[in-house]
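Asks: Input structure: entry.cif, which contains mmCIF, C-alpha atoms.
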```cif
data_work
loop_
_atom_site.label_atom_id
_atom_site.label_comp_id
_atom_site.auth_asym_id
_atom_site.auth_seq_id
_atom_site.Cartn_x
_atom_site.Cartn_y
_atom_site.Cartn_z
CA MET A 1478 0.00 0.00 0.00
CA SER A 1479 2.88 2.38 0.73
CA ILE A 1480 4.25 1.84 -2.78
CA ILE A 1481 0.83 2.55 -4.32
CA GLY A 1482 0.54 5.64 -2.13
CA LYS A 1483 3.89 6.93 -3.32
CA ILE A 1484 2.83 6.46 -6.95
CA PHE A 1485 -0.70 7.83 -6.85
CA GLY A 1486 -0.56 10.01 -3.74
CA ASP A 1487 -2.97 10.23 -0.82
CA ALA A 1488 -6.59 10.98 -1.77
CA ASN A 1489 -7.12 13.27 1.22
CA ALA A 1490 -3.92 15.18 0.48
CA ARG A 1491 -5.03 15.69 -3.13
CA TYR A 1492 -8.42 16.92 -1.99
CA ILE A 1493 -6.88 19.37 0.51
CA LYS A 1494 -4.52 20.62 -2.17
CA SER A 1495 -7.46 21.25 -4.50
CA LEU A 1496 -8.90 23.69 -1.94
CA GLN A 1497 -5.81 25.90 -1.84
CA PRO A 1498 -6.91 28.21 -4.71
CA LEU A 1499 -10.11 28.90 -2.75
CA VAL A 1500 -8.11 29.68 0.39
CA GLU A 1501 -5.93 32.06 -1.60
CA GLU A 1502 -9.03 33.78 -2.95
CA ILE A 1503 -10.30 34.30 0.60
CA ASN A 1504 -6.95 35.69 1.68
CA LYS A 1505 -6.92 38.22 -1.18
CA LYS A 1506 -10.05 39.85 0.25
CA GLU A 1507 -8.62 40.28 3.74
CA ALA A 1508 -6.78 43.58 3.18
CA GLY A 1509 -9.86 45.27 1.72
CA LEU A 1510 -12.14 44.18 4.56
CA GLU A 1511 -9.76 45.47 7.21
CA LYS A 1512 -10.41 49.03 5.98
CA ILE A 1513 -14.22 49.05 6.19
CA SER A 1514 -16.28 50.20 9.19
CA ASP A 1515 -18.21 47.93 11.56
CA LYS A 1516 -21.48 49.14 10.00
CA GLU A 1517 -20.27 48.27 6.52
CA LEU A 1518 -19.16 44.84 7.71
CA ALA A 1519 -22.60 44.13 9.19
CA GLY A 1520 -24.16 45.29 5.92
CA PHE A 1521 -22.49 42.44 4.02
CA THR A 1522 -25.14 39.99 5.25
CA GLU A 1523 -27.95 41.81 3.44
CA LYS A 1524 -25.79 42.11 0.32
CA PHE A 1525 -25.10 38.37 0.37
CA ARG A 1526 -28.80 37.57 0.71
CA THR A 1527 -29.60 39.87 -2.19
CA ARG A 1528 -27.03 38.08 -4.35
CA LEU A 1529 -28.56 34.72 -3.42
CA ASN A 1530 -32.04 35.98 -4.32
CA GLN A 1531 -30.66 37.06 -7.70
CA GLY A 1532 -29.57 33.52 -8.51
CA GLU A 1533 -26.05 33.20 -7.15
CA THR A 1534 -25.15 30.17 -5.04
CA LEU A 1535 -23.52 29.82 -1.64
CA ASP A 1536 -20.37 28.59 -3.37
CA ASP A 1537 -20.29 31.81 -5.41
CA ILE A 1538 -20.18 34.00 -2.31
CA LEU A 1539 -18.11 31.64 -0.15
CA PRO A 1540 -14.76 33.48 -0.51
CA VAL A 1541 -16.01 36.91 0.53
CA ALA A 1542 -18.38 35.46 3.17
CA PHE A 1543 -15.55 33.50 4.81
CA ALA A 1544 -13.35 36.59 4.65
CA ALA A 1545 -16.10 38.61 6.36
CA VAL A 1546 -16.38 36.05 9.17
CA ARG A 1547 -12.62 36.07 9.63
CA GLU A 1548 -12.64 39.88 9.89
CA ALA A 1549 -15.55 39.84 12.36
CA ALA A 1550 -13.71 37.31 14.54
CA ARG A 1551 -10.54 39.39 14.44
CA ARG A 1552 -12.41 42.51 15.57
CA THR A 1553 -14.61 40.96 18.24
CA LEU A 1554 -12.54 38.09 19.64
CA GLY A 1555 -9.02 39.01 18.60
CA GLN A 1556 -8.85 35.66 16.82
CA ARG A 1557 -8.01 35.28 13.14
CA HIS A 1558 -8.81 32.06 11.29
CA PHE A 1559 -5.66 30.31 10.08
CA ASP A 1560 -5.58 28.93 6.55
CA VAL A 1561 -6.02 25.37 7.83
CA GLN A 1562 -9.16 26.52 9.64
CA LEU A 1563 -10.47 27.99 6.40
CA VAL A 1564 -9.90 24.58 4.84
CA GLY A 1565 -11.86 22.97 7.68
CA GLY A 1566 -14.74 25.41 7.11
CA ILE A 1567 -14.85 24.63 3.39
CA ILE A 1568 -14.89 20.90 4.10
CA LEU A 1569 -17.80 21.27 6.53
CA HIS A 1570 -19.71 23.44 4.06
CA GLN A 1571 -19.31 20.70 1.45
CA GLY A 1572 -20.89 18.17 3.80
CA LYS A 1573 -17.72 16.21 4.47
CA ILE A 1574 -16.05 15.16 7.73
CA ALA A 1575 -13.29 17.36 9.13
CA GLU A 1576 -11.17 15.64 11.77
CA MET A 1577 -9.65 18.15 14.17
CA LYS A 1578 -7.85 17.56 17.43
CA THR A 1579 -8.61 19.32 20.71
CA GLY A 1580 -7.16 22.81 20.66
CA GLU A 1581 -7.19 23.24 16.88
CA GLY A 1582 -10.12 25.64 17.03
CA LYS A 1583 -13.23 23.66 16.09
CA THR A 1584 -15.52 26.24 17.68
CA LEU A 1585 -14.02 29.03 15.58
CA VAL A 1586 -13.99 26.92 12.41
CA ALA A 1587 -17.72 26.26 12.70
CA THR A 1588 -18.52 29.99 12.41
CA LEU A 1589 -17.51 29.93 8.73
CA PRO A 1590 -19.95 27.36 7.29
CA LEU A 1591 -22.67 28.20 9.84
CA TYR A 1592 -22.72 31.84 8.77
CA LEU A 1593 -22.54 30.99 5.08
CA ASN A 1594 -25.42 28.50 5.23
CA SER A 1595 -27.54 30.78 7.41
CA LEU A 1596 -27.62 33.34 4.58
CA SER A 1597 -30.27 31.30 2.77
CA GLY A 1598 -32.74 32.25 5.52
CA LYS A 1599 -33.53 28.60 6.19
CA GLY A 1600 -31.45 28.28 9.36
CA ALA A 1601 -28.30 26.41 10.34
CA HIS A 1602 -27.80 24.10 13.33
CA LEU A 1603 -24.78 23.10 15.36
CA VAL A 1604 -25.38 19.83 17.22
CA THR A 1605 -23.29 19.21 20.35
CA PRO A 1606 -23.15 16.39 22.93
CA ASN A 1607 -24.12 18.46 26.00
CA ASP A 1608 -25.77 21.68 27.16
CA TYR A 1609 -22.56 23.38 28.29
CA LEU A 1610 -20.91 23.02 24.89
CA SER A 1611 -24.01 24.38 23.16
CA ARG A 1612 -24.39 27.42 25.36
CA MET A 1613 -20.66 28.08 25.59
CA GLY A 1614 -20.16 27.78 21.83
CA ALA A 1615 -23.06 30.09 21.01
CA GLY A 1616 -22.03 32.61 23.67
CA TRP A 1617 -18.36 32.53 22.74
CA MET A 1618 -18.97 32.98 19.01
CA GLY A 1619 -22.03 35.19 19.55
CA PRO A 1620 -20.08 38.47 19.11
CA VAL A 1621 -18.87 37.28 15.69
CA TYR A 1622 -22.39 36.58 14.47
CA TYR A 1623 -23.73 39.76 16.08
CA ALA A 1624 -21.11 41.84 14.26
CA LEU A 1625 -22.32 40.32 10.99
CA GLY A 1626 -25.98 40.97 11.74
CA VAL A 1627 -27.21 37.37 12.15
CA SER A 1628 -29.12 36.05 15.15
CA VAL A 1629 -28.01 33.13 17.32
CA GLY A 1630 -30.25 30.90 19.43
CA VAL A 1631 -29.44 28.13 21.87
CA VAL A 1632 -31.60 25.16 22.90
CA ALA A 1633 -30.63 23.41 26.11
CA HIS A 1634 -32.37 21.25 28.70
CA GLU A 1635 -35.25 23.31 30.14
CA PHE A 1636 -33.81 26.49 28.59
CA SER A 1637 -33.85 28.31 25.28
CA GLY A 1638 -32.48 31.76 24.53
CA ILE A 1639 -31.29 34.28 21.97
CA TYR A 1640 -27.82 35.80 22.17
CA ASP A 1641 -28.08 39.48 23.13
CA PRO A 1642 -24.90 41.29 24.23
CA SER A 1643 -26.98 43.95 26.01
CA TYR A 1644 -28.70 41.32 28.17
CA GLN A 1645 -27.08 40.30 31.45
CA ASP A 1646 -28.31 37.15 33.15
CA SER A 1647 -29.39 37.93 36.72
CA GLN A 1648 -27.79 34.67 37.82
CA SER A 1649 -24.09 34.89 36.97
CA HIS A 1650 -22.68 31.65 35.58
CA GLY A 1651 -19.07 32.47 36.34
CA ASP A 1652 -18.28 32.40 32.62
CA GLU A 1653 -19.05 35.59 30.70
CA ARG A 1654 -19.79 33.55 27.59
CA LEU A 1655 -22.89 32.11 29.29
CA ASN A 1656 -24.40 35.37 30.60
CA HIS A 1657 -25.90 37.01 27.51
CA PHE A 1658 -28.82 34.81 26.53
CA ARG A 1659 -32.23 36.41 26.67
CA PRO A 1660 -34.79 33.69 27.49
CA CYS A 1661 -37.25 32.97 24.70
CA SER A 1662 -39.56 30.27 23.42
CA ARG A 1663 -38.12 27.26 21.64
CA HIS A 1664 -39.91 28.35 18.49
CA GLU A 1665 -38.00 31.66 18.57
CA ALA A 1666 -34.68 29.91 19.27
CA TYR A 1667 -35.19 27.62 16.30
CA GLY A 1668 -36.22 30.62 14.22
CA ALA A 1669 -32.82 32.28 14.71
CA ASP A 1670 -30.42 32.33 11.78
CA ILE A 1671 -28.11 29.95 13.67
CA THR A 1672 -29.15 27.58 16.47
CA TYR A 1673 -26.84 25.70 18.83
CA GLY A 1674 -28.24 22.72 20.74
CA THR A 1675 -27.73 19.13 21.85
CA ASN A 1676 -28.60 16.06 19.85
CA ASN A 1677 -31.07 14.98 22.54
CA GLU A 1678 -32.92 18.30 22.65
CA PHE A 1679 -33.12 18.50 18.86
CA GLY A 1680 -34.33 14.91 18.76
CA PHE A 1681 -36.94 15.26 21.49
CA ASP A 1682 -38.25 18.53 20.05
CA TYR A 1683 -38.69 16.72 16.74
CA LEU A 1684 -40.73 14.04 18.51
CA ARG A 1685 -42.76 16.66 20.42
CA ASP A 1686 -43.56 18.46 17.18
CA ASN A 1687 -44.92 15.22 15.77
CA LEU A 1688 -47.38 15.06 18.68
CA GLU A 1689 -48.77 18.55 18.11
CA TYR A 1690 -52.15 19.11 16.45
CA ARG A 1691 -51.61 22.69 15.27
CA PRO A 1692 -48.72 23.92 13.09
CA GLU A 1693 -48.39 27.07 15.20
CA ASP A 1694 -47.56 24.92 18.24
CA MET A 1695 -44.53 23.34 16.56
CA ARG A 1696 -41.06 24.33 17.73
CA GLN A 1697 -38.81 23.50 14.81
CA ARG A 1698 -38.87 24.62 11.19
CA ASP A 1699 -37.66 22.77 8.10
CA PHE A 1700 -34.15 21.38 8.31
CA ASN A 1701 -31.55 23.00 6.07
CA TYR A 1702 -27.94 22.57 7.25
CA ALA A 1703 -26.29 21.15 10.35
CA ILE A 1704 -22.81 20.54 11.72
CA VAL A 1705 -22.53 17.58 14.08
CA ASP A 1706 -19.80 18.00 16.70
CA GLU A 1707 -18.06 14.86 17.95
CA ILE A 1708 -19.79 12.63 15.43
CA ASP A 1709 -18.23 9.47 16.85
CA SER A 1710 -20.11 10.11 20.08
CA ILE A 1711 -23.40 11.42 18.65
CA LEU A 1712 -23.85 9.29 15.53
CA ILE A 1713 -22.40 6.04 16.90
CA ASP A 1714 -22.27 5.77 20.70
CA GLU A 1715 -25.40 7.73 21.60
CA ALA A 1716 -27.29 6.54 18.52
CA ARG A 1717 -27.50 3.13 20.13
CA THR A 1718 -29.99 4.54 22.65
CA PRO A 1719 -33.29 5.42 20.96
CA LEU A 1720 -35.15 8.60 21.91
CA ILE A 1721 -38.61 7.68 23.15
CA ILE A 1722 -41.43 10.03 24.10
CA SER A 1723 -44.86 8.98 25.33
CA MET A 1724 -48.21 10.57 26.08
CA PRO A 1725 -51.57 9.36 27.45
CA ASP A 1726 -53.85 7.58 25.00
CA GLU A 1727 -56.66 10.03 24.26
CA GLU A 1728 -58.73 7.68 22.14
CA SER A 1729 -60.10 4.26 22.92
CA GLY A 1730 -58.01 1.36 21.74
CA GLU A 1731 -61.28 -0.21 20.57
CA LEU A 1732 -61.13 2.09 17.53
CA TYR A 1733 -58.18 0.14 16.16
CA LYS A 1734 -60.32 -2.96 15.80
#
```
Can you give me the file's structure in the form of structure tokens?
Replies:
Amino acid sequence: MSIIGKIFGDANARYIKSLQPLVEEINKKEAGLEKISDKELAGFTEKFRTRLNQGETLDDILPVAFAAVREAARRTLGQRHFDVQLVGGIILHQGKIAEMKTGEGKTLVATLPLYLNSLSGKGAHLVTPNDYLSRMGAGWMGPVYYALGVSVGVVAHEFSGIYDPSYQDSQSHGDERLNHFRPCSRHEAYGADITYGTNNEFGFDYLRDNLEYRPEDMRQRDFNYAIVDEIDSILIDEARTPLIISMPDEESGELYK
């Protein structure tokens, strides 16, 4: 196999190499974006949506959209996406698996494809294994999304909220990233441009929606795009345990006869 690899090369390496022209295109836009005002940066979101309505695709606007997210992160968090993180964002946008080790900036990488796919107006989800990761991720990256003019919701166990930097939770959580979520209904959280939540909450809300009798009582909207964090845990380990929801029988079982 090593001989074959030397002759034909590694498929993953070839794929990564094929993304380099796109990375270079993103980098070319960086200098221009550094000169614009915060208001102009936030205005890009509306411009992107207009371009999509006029027939362009997400792939068409990917370079400038990724560059805008990088600039927003630099201004709000003091963090600039490295080229390898841009590659990770492109891979996730294309629906492929990006393997990243702890400390390589997965939370920051996710902002790129989440923002891009939220521009369609159909929503984008980030699925995490637990409530803390959902709320921390949304609160940590919230300033980036806020600077770009997109809303961020979080769905956790017995809590749902919208990121609002002007809101201060009366009960301090000891971590500033967790203190700026204005409580709201689950329907409003799912209606945000980007929604962070756990696989269990997303799953149970799906089941609850299938028990409702009126469309206006449903929590979720149509599914558009999602990033699954720690897929080995969520799609393999936890997938072995089915989500089950029950409710009292409101009609006589005799009707089934």
Asks: Which value, in Å to one decimal, gives the distance between atom CA of Tyr1644 of chain A and atom CA of Gly1616 of chain A?
Replies: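 For atom CA of Tyr1644 of chain A relative to atom CA of Gly1616 of chain A, the distance reads 11.9 Å.
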Asks: Using only C-alpha atoms, which of A:Ala1545, A:Ala1508, A:Val1632, A:Ala1575 sits nearest Phe1521 of chain A?
Replies: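 For Phe1521 of chain A, the nearest of the given residues is A:Ala1545.
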Asks: Please identify all polymer residues lying at most 12 Å from the point (-22.0, 32.2, 32.3) (file coordinates), using all atoms listed in the file, and present the result as a PyMOL selection string.
Replies: chain A and resi 1609-1610+1612-1617+1645-1658
Asks: Just the residues within 10 Å of Gln1571 of chain A, please, counting all atoms listed in the file, with nothing from its chain fewer than 5 positions along; format it as a PyMOL selection string.
Replies: chain A and resi 1536+1565-1566+1590
Asks: Hey, what comes out of the PyMOL selection byres ((chain A and resi 1503) around 9) on this file? Could you write it as number ranges by chain?
Replies: A: 1498-1502, 1504-1507, 1539-1544, 1563
Asks: Hey, which of A:Ser1643, A:Ser1662, A:Asn1530, A:Ser1611 ends up closest to Gly1598 of chain A? Count only C-alpha atoms.
Replies: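 Once distances to Gly1598 of chain A are computed over only C-alpha atoms, the minimum belongs to A:Asn1530.
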Asks: Report as a PyMOL selection string all protein, DNA and RNA residues lying within 9 Å of segment 1553-1557 of chain A, evaluated on only C-alpha atoms, omitting residues in the same chain fewer than 4 positions from it.
Replies: chain A and resi 1547-1549+1585+1617-1618+1620-1621+1624
Asks: If we count all atoms listed in the file and set the cut-off at 12 Å, which residues sit around Leu1688 of chain A, ignoring sequence neighbours fewer than 2 positions away in its own chain? Please answer as an NGL selection string.
Replies: :A and (1681-1686 or 1690-1692 or 1694-1696 or 1722-1727)
Asks: Which residues fall under the PyMOL selection byres ((chain A and resi 1668) around 10) in this file, as a PyMOL selection string?
Replies: chain A and resi 1598-1601+1628-1630+1639+1662-1667+1669-1672+1696-1698
Asks: From the list A:Leu1535, A:Asp1706, A:Ser1595, A:Ala1633, which residue is nearest Lys1578 of chain A when using all atoms listed in the file?
Replies: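 Selected residue with least distance to Lys1578 of chain A: A:Asp1706.
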Asks: Got a sec to resolve the PyMOL selection byres ((chain A and resi 1513-1517) around 9) on this structure and send the residues as a JSON list (two decimals) with C-alpha atoms, keeping the file's coordinate frame?
Replies:
```
[["chain", "number", "residue", "atom", "x", "y", "z"],
["A", 1509, "GLY", "CA", -9.86, 45.27, 1.72],
["A", 1510, "LEU", "CA", -12.14, 44.18, 4.56],
["A", 1511, "GLU", "CA", -9.76, 45.47, 7.21],
["A", 1512, "LYS", "CA", -10.41, 49.03, 5.98],
["A", 1518, "LEU", "CA", -19.16, 44.84, 7.71],
["A", 1519, "ALA", "CA", -22.60, 44.13, 9.19],
["A", 1520, "GLY", "CA", -24.16, 45.29, 5.92],
["A", 1521, "PHE", "CA", -22.49, 42.44, 4.02],
["A", 1549, "ALA", "CA", -15.55, 39.84, 12.36],
["A", 1552, "ARG", "CA", -12.41, 42.51, 15.57],
["A", 1624, "ALA", "CA", -21.11, 41.84, 14.26],
["A", 1625, "LEU", "CA", -22.32, 40.32, 10.99]]
```
Asks: Go through A:Glu1693, A:Glu1707, A:Glu1581, A:Asp1608 and flag the residue nearest Phe1636 of chain A, using only C-alpha atoms for the distances.
Replies: A:Asp1608
